[in-house]
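Next comes final.cif, a file with mmCIF, C-alpha atoms.
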data_entry
#
loop_
_atom_site.group_PDB
_atom_site.id
_atom_site.type_symbol
_atom_site.label_atom_id
_atom_site.label_comp_id
_atom_site.auth_asym_id
_atom_site.auth_seq_id
_atom_site.Cartn_x
_atom_site.Cartn_y
_atom_site.Cartn_z
ATOM 1 C CA ASP A 27 11.038 -0.475 6.576
ATOM 2 C CA LEU A 28 10.688 -2.173 3.191
ATOM 3 C CA THR A 29 14.113 -3.750 3.634
ATOM 4 C CA ASP A 30 13.059 -5.063 7.044
ATOM 5 C CA ALA A 31 9.859 -6.453 5.512
ATOM 6 C CA VAL A 32 11.763 -8.155 2.687
ATOM 7 C CA ASN A 33 14.244 -9.681 5.110
ATOM 8 C CA TRP A 34 11.527 -10.821 7.511
ATOM 9 C CA MET A 35 9.762 -12.515 4.591
ATOM 10 C CA ARG A 36 13.015 -14.128 3.443
ATOM 11 C CA GLY A 37 13.711 -15.254 6.992
ATOM 12 C CA GLN A 38 10.451 -17.216 7.037
ATOM 13 C CA PHE A 39 11.981 -19.348 4.268
ATOM 14 C CA LYS A 40 15.411 -19.559 5.962
ATOM 15 C CA LEU A 41 16.959 -17.299 3.306
ATOM 16 C CA HIS A 42 19.800 -14.923 4.151
ATOM 17 C CA PRO A 43 18.967 -11.210 4.514
ATOM 18 C CA LEU A 44 19.569 -8.746 1.693
ATOM 19 C CA THR A 45 21.379 -5.436 2.097
ATOM 20 C CA LEU A 46 19.560 -2.101 2.054
ATOM 21 C CA ASP A 47 21.217 -1.234 -1.270
ATOM 22 C CA LYS A 48 20.086 -4.513 -2.805
ATOM 23 C CA VAL A 49 16.478 -4.041 -1.711
ATOM 24 C CA VAL A 50 16.468 -0.406 -2.840
ATOM 25 C CA GLY A 51 17.361 -1.634 -6.314
ATOM 26 C CA PHE A 52 14.236 -3.807 -6.276
ATOM 27 C CA ILE A 53 11.787 -1.004 -5.367
ATOM 28 C CA GLY A 54 9.674 0.895 -7.838
ATOM 29 C CA ASN A 55 7.078 -1.295 -9.523
ATOM 30 C CA GLY A 56 4.867 -2.351 -6.629
ATOM 31 C CA ALA A 57 4.990 -5.039 -3.939
ATOM 32 C CA LYS A 58 4.566 -7.994 -6.279
ATOM 33 C CA MET A 59 7.660 -7.020 -8.278
ATOM 34 C CA LEU A 60 9.561 -6.324 -5.052
ATOM 35 C CA VAL A 61 8.838 -9.845 -3.841
ATOM 36 C CA GLU A 62 9.606 -11.359 -7.241
ATOM 37 C CA ARG A 63 12.988 -9.620 -7.350
ATOM 38 C CA SER A 64 13.700 -10.448 -3.700
ATOM 39 C CA LEU A 65 13.056 -14.151 -4.267
ATOM 40 C CA LYS A 66 14.832 -14.446 -7.600
ATOM 41 C CA ASP A 67 17.165 -17.451 -7.731
ATOM 42 C CA THR A 68 15.167 -19.261 -5.030
ATOM 43 C CA ASP A 69 12.442 -21.862 -5.359
ATOM 44 C CA ILE A 70 9.990 -19.735 -3.332
ATOM 45 C CA THR A 71 7.064 -18.381 -5.346
ATOM 46 C CA VAL A 72 5.732 -14.840 -5.268
ATOM 47 C CA GLU A 73 2.376 -16.269 -4.171
ATOM 48 C CA LYS A 74 4.021 -17.613 -0.997
ATOM 49 C CA GLY A 75 6.154 -14.556 -0.308
ATOM 50 C CA LEU A 76 3.796 -11.671 -1.082
ATOM 51 C CA PRO A 77 1.287 -12.252 1.756
ATOM 52 C CA LEU A 78 4.149 -12.502 4.252
ATOM 53 C CA LEU A 79 5.754 -9.279 3.063
ATOM 54 C CA LYS A 80 2.412 -7.472 3.174
ATOM 55 C CA GLU A 81 1.607 -8.808 6.645
ATOM 56 C CA TYR A 82 4.886 -7.584 8.115
ATOM 57 C CA TYR A 83 5.031 -4.285 6.247
ATOM 58 C CA ASN A 84 1.457 -3.335 7.197
ATOM 59 C CA GLU A 85 2.518 -3.508 10.849
ATOM 60 C CA HIS A 86 5.864 -1.718 10.373
ATOM 61 C CA LEU A 87 5.226 1.052 7.828
ATOM 62 C CA VAL A 88 6.923 3.832 9.753
ATOM 63 C CA ASP A 89 9.277 2.164 12.210
ATOM 64 C CA ASN A 90 12.270 3.746 10.468
ATOM 65 C CA THR A 91 10.673 5.935 7.801
ATOM 66 C CA VAL A 92 11.160 9.684 8.270
ATOM 67 C CA LEU A 93 10.799 12.778 6.112
ATOM 68 C CA TYR A 94 13.838 14.040 4.271
ATOM 69 C CA PRO A 95 15.239 17.321 5.647
ATOM 70 C CA GLY A 96 13.211 20.349 4.618
ATOM 71 C CA VAL A 97 10.167 18.413 3.397
ATOM 72 C CA MET A 98 7.724 19.581 6.088
ATOM 73 C CA GLU A 99 8.690 23.235 5.649
ATOM 74 C CA GLY A 100 8.790 22.885 1.867
ATOM 75 C CA LEU A 101 5.286 21.448 1.679
ATOM 76 C CA ILE A 102 3.958 24.297 3.814
ATOM 77 C CA THR A 103 5.717 26.850 1.588
ATOM 78 C CA LEU A 104 4.276 25.322 -1.577
ATOM 79 C CA ARG A 105 0.747 25.130 -0.154
ATOM 80 C CA ASN A 106 0.950 28.738 1.027
ATOM 81 C CA ALA A 107 1.966 29.734 -2.510
ATOM 82 C CA GLY A 108 -1.172 28.064 -3.890
ATOM 83 C CA VAL A 109 0.566 25.040 -5.416
ATOM 84 C CA LYS A 110 -1.688 21.976 -5.580
ATOM 85 C CA LEU A 111 0.119 18.857 -4.419
ATOM 86 C CA ALA A 112 -0.500 15.131 -4.753
ATOM 87 C CA VAL A 113 1.173 11.902 -3.774
ATOM 88 C CA ILE A 114 1.070 9.286 -6.506
ATOM 89 C CA THR A 115 2.568 6.045 -5.296
ATOM 90 C CA ASN A 116 2.620 2.382 -6.229
ATOM 91 C CA LYS A 117 2.189 1.642 -2.512
ATOM 92 C CA PRO A 118 -1.376 0.553 -1.624
ATOM 93 C CA HIS A 119 -3.660 3.478 -0.780
ATOM 94 C CA THR A 120 -4.254 2.583 2.881
ATOM 95 C CA GLN A 121 -0.520 2.193 3.464
ATOM 96 C CA ALA A 122 0.174 5.537 1.802
ATOM 97 C CA LEU A 123 -2.428 7.231 4.006
ATOM 98 C CA LYS A 124 -0.972 5.687 7.152
ATOM 99 C CA VAL A 125 2.562 6.790 6.236
ATOM 100 C CA LEU A 126 1.487 10.352 5.385
ATOM 101 C CA ARG A 127 -0.599 10.685 8.542
ATOM 102 C CA SER A 128 2.187 9.256 10.720
ATOM 103 C CA LEU A 129 4.635 11.762 9.235
ATOM 104 C CA ASN A 130 2.132 14.626 9.766
ATOM 105 C CA VAL A 131 1.990 15.664 6.100
ATOM 106 C CA TYR A 132 -1.361 14.195 5.038
ATOM 107 C CA ASP A 133 -3.085 17.607 5.028
ATOM 108 C CA SER A 134 -0.542 18.991 2.559
ATOM 109 C CA PHE A 135 -2.037 17.086 -0.364
ATOM 110 C CA GLU A 136 -5.075 17.666 -2.547
ATOM 111 C CA LEU A 137 -5.063 14.051 -3.631
ATOM 112 C CA ILE A 138 -3.369 10.783 -2.728
ATOM 113 C CA ILE A 139 -3.432 8.015 -5.318
ATOM 114 C CA GLY A 140 -2.231 4.610 -4.169
ATOM 115 C CA GLY A 141 -1.297 1.674 -6.315
ATOM 116 C CA ASP A 142 -4.686 0.040 -5.794
ATOM 117 C CA SER A 143 -6.771 3.161 -6.528
ATOM 118 C CA GLY A 144 -8.011 1.943 -9.901
ATOM 119 C CA PHE A 145 -5.179 3.356 -12.008
ATOM 120 C CA PRO A 146 -2.317 1.377 -13.510
ATOM 121 C CA LEU A 147 0.938 1.534 -11.550
ATOM 122 C CA LYS A 148 3.631 4.030 -12.471
ATOM 123 C CA PRO A 149 5.274 4.340 -14.966
ATOM 124 C CA ALA A 150 1.770 4.509 -16.451
ATOM 125 C CA PRO A 151 0.810 8.185 -16.826
ATOM 126 C CA GLU A 152 -2.913 7.869 -16.030
ATOM 127 C CA PRO A 153 -2.791 8.790 -12.318
ATOM 128 C CA LEU A 154 -0.724 11.903 -13.076
ATOM 129 C CA ILE A 155 -3.069 12.954 -15.862
ATOM 130 C CA HIS A 156 -6.046 12.433 -13.540
ATOM 131 C CA PHE A 157 -4.580 14.736 -10.900
ATOM 132 C CA VAL A 158 -3.654 17.464 -13.374
ATOM 133 C CA GLU A 159 -7.130 17.386 -14.926
ATOM 134 C CA LYS A 160 -8.818 17.350 -11.501
ATOM 135 C CA CYS A 161 -6.924 20.503 -10.568
ATOM 136 C CA GLY A 162 -7.761 22.235 -13.842
ATOM 137 C CA CYS A 163 -4.100 22.467 -14.803
ATOM 138 C CA VAL A 164 -2.243 21.504 -17.947
ATOM 139 C CA PRO A 165 0.468 18.838 -17.963
ATOM 140 C CA ALA A 166 3.104 21.058 -19.599
ATOM 141 C CA SER A 167 3.027 23.458 -16.636
ATOM 142 C CA SER A 168 2.853 20.730 -13.982
ATOM 143 C CA TRP A 169 5.727 19.023 -12.177
ATOM 144 C CA MET A 170 6.469 15.488 -11.091
ATOM 145 C CA CYS A 171 9.279 15.160 -8.562
ATOM 146 C CA GLY A 172 10.443 11.617 -7.968
ATOM 147 C CA ASP A 173 13.477 9.515 -7.232
ATOM 148 C CA HIS A 174 12.921 6.629 -9.629
ATOM 149 C CA TYR A 175 12.665 6.012 -13.338
ATOM 150 C CA THR A 176 9.039 5.007 -12.860
ATOM 151 C CA ASP A 177 8.289 8.582 -11.718
ATOM 152 C CA LEU A 178 10.255 10.168 -14.535
ATOM 153 C CA GLU A 179 8.771 7.911 -17.201
ATOM 154 C CA ALA A 180 5.248 8.548 -15.916
ATOM 155 C CA ALA A 181 5.872 12.306 -16.112
ATOM 156 C CA ARG A 182 7.288 12.070 -19.632
ATOM 157 C CA ARG A 183 4.355 9.983 -20.813
ATOM 158 C CA ALA A 184 1.898 12.423 -19.179
ATOM 159 C CA GLY A 185 3.560 15.416 -20.862
ATOM 160 C CA MET A 186 4.682 16.885 -17.540
ATOM 161 C CA LYS A 187 7.946 18.476 -16.497
ATOM 162 C CA CYS A 188 9.967 16.226 -14.253
ATOM 163 C CA CYS A 189 12.608 16.640 -11.599
ATOM 164 C CA PHE A 190 14.837 13.841 -10.342
ATOM 165 C CA ALA A 191 15.225 13.774 -6.548
ATOM 166 C CA ALA A 192 18.839 12.614 -6.363
ATOM 167 C CA TYR A 193 18.635 12.501 -2.558
ATOM 168 C CA GLY A 194 16.192 9.566 -2.748
ATOM 169 C CA PHE A 195 16.730 5.846 -3.105
ATOM 170 C CA GLY A 196 15.803 5.378 -6.735
ATOM 171 C CA ASN A 197 17.539 5.147 -10.043
ATOM 172 C CA PRO A 198 16.713 7.315 -13.084
ATOM 173 C CA LYS A 199 18.023 4.669 -15.515
ATOM 174 C CA ASP A 200 17.864 6.227 -18.994
ATOM 175 C CA GLU A 201 14.970 8.582 -18.296
ATOM 176 C CA HIS A 202 15.499 12.267 -19.009
ATOM 177 C CA CYS A 203 14.434 15.003 -16.604
ATOM 178 C CA GLU A 204 14.480 18.790 -16.809
ATOM 179 C CA TYR A 205 16.201 19.193 -13.450
ATOM 180 C CA THR A 206 17.994 17.216 -10.792
ATOM 181 C CA VAL A 207 17.893 18.381 -7.175
ATOM 182 C CA SER A 208 19.927 17.223 -4.209
ATOM 183 C CA THR A 209 17.419 18.420 -1.574
ATOM 184 C CA PHE A 210 13.675 18.986 -1.381
ATOM 185 C CA PRO A 211 14.134 22.719 -0.662
ATOM 186 C CA GLU A 212 15.856 22.967 -4.071
ATOM 187 C CA PHE A 213 12.718 21.548 -5.669
ATOM 188 C CA VAL A 214 10.561 24.014 -3.736
ATOM 189 C CA SER A 215 12.657 26.912 -5.120
ATOM 190 C CA LEU A 216 12.384 25.479 -8.610
ATOM 191 C CA CYS A 217 8.582 25.287 -8.329
ATOM 192 C CA LEU A 218 8.229 28.784 -6.926
ATOM 193 C CA ASN A 219 10.439 30.224 -9.663
ATOM 194 C CA SER A 220 8.269 28.579 -12.318
ATOM 195 C CA LEU A 221 4.961 30.031 -11.060
#
Write the structure described by the file as structure tokens, please.
Amino acid sequence: DLTDAVNWMRGQFKLHPLTLDKVVGFIGNGAKMLVERSLKDTDITVEKGLPLLKEYYNEHLVDNTVLYPGVMEGLITLRNAGVKLAVITNKPHTQALKVLRSLNVYDSFELIIGGDSGFPLKPAPEPLIHFVEKCGCVPASSWMCGDHYTDLEAARRAGMKCCFAAYGFGNPKDEHCEYTVSTFPEFVSLCLNSL
């Protein structure tokens, strides 16, 4: 859906579409950076492109977006085991809520922190620290599972354990993680074994 939004925006300026892989490489630091990277080497400004991207994406958040295999069952398993869960995303809060509700997983989470919730965007650690403190936990015994270096860096800076979701779209770059998983059920097992 983000690729479609980027290409719709580019189309408004008569620019050729970008591939899914290209757009995926631009994701991870919020919409403004996505637009900036998507318009690099053009004379179109972010100020012109960003409202167009947002307009399209707000109407097409879950046209093609689906849960990865095992996520629904895994979230239920973790909740039943007493694990407190959060979504911390650079996506705006209202968009995050709409996606989670559309995918029927909204009720799985104690807290959802969007990119406009008053915290700096990941890789800043503040939203992770806020969630851990709100739950009365300690960072060293808490997990961040993510598919991008912004997730892993945020976890490192927050003093949390981190797991790289290799099945996702992101790139770990040079960030270290304790574990790498190829499916969400692997992460669920990892969490349950660490309780």
Can you give me, as a PyMOL selection string, the residues this file yields under the PyMOL selection byres ((chain A and resi 73-83) around 10)? chain A and resi 27-36+38-39+57-62+64-65+70-72+84-89+121
Run the PyMOL selection byres ((chain A and resi 153-160) around 12) against the file shown and list the residues it catches, as a ChimeraX atom specification. /A:109-116,135-152,161-171,176-188
Using the file's own x, y and z axes, what box holds all listed atoms of range 185-189 of chain A with 8 Å on each side, keeping edges along x, y and z, and what are its centre and edge lengths in Å to one decimal, as AutoDock Vina command-line options?
--center_x 8.1 --center_y 16.9 --center_z -16.2 --size_x 25.0 --size_y 19.1 --size_z 25.3
For the PyMOL selection byres ((chain A and resi 92) around 12), applied here, can you spell out every residue it catches as a list of chain:residue names? A:Asp27, A:Leu87, A:Val88, A:Asp89, A:Asn90, A:Thr91, A:Leu93, A:Tyr94, A:Pro95, A:Gly96, A:Val97, A:Met98, A:Val125, A:Leu126, A:Arg127, A:Ser128, A:Leu129, A:Asn130, A:Val131
If you measure from CA of Phe52 in chain A to CA of Asp67 in chain A, what distance in Å do you get, rounded to one decimal?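 Answer for the CA of Phe52 in chain A to CA of Asp67 in chain A separation: 14.0 Å.
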Which value, in Å to one decimal, gives the distance between CA of Val214 in chain A and CA of Pro118 in chain A?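 Answer for the CA of Val214 in chain A to CA of Pro118 in chain A separation: 26.4 Å.
One distance worth recording is that between CA of Tyr175 in chain A and CA of Tyr205 in chain A, which is 13.6 Å.
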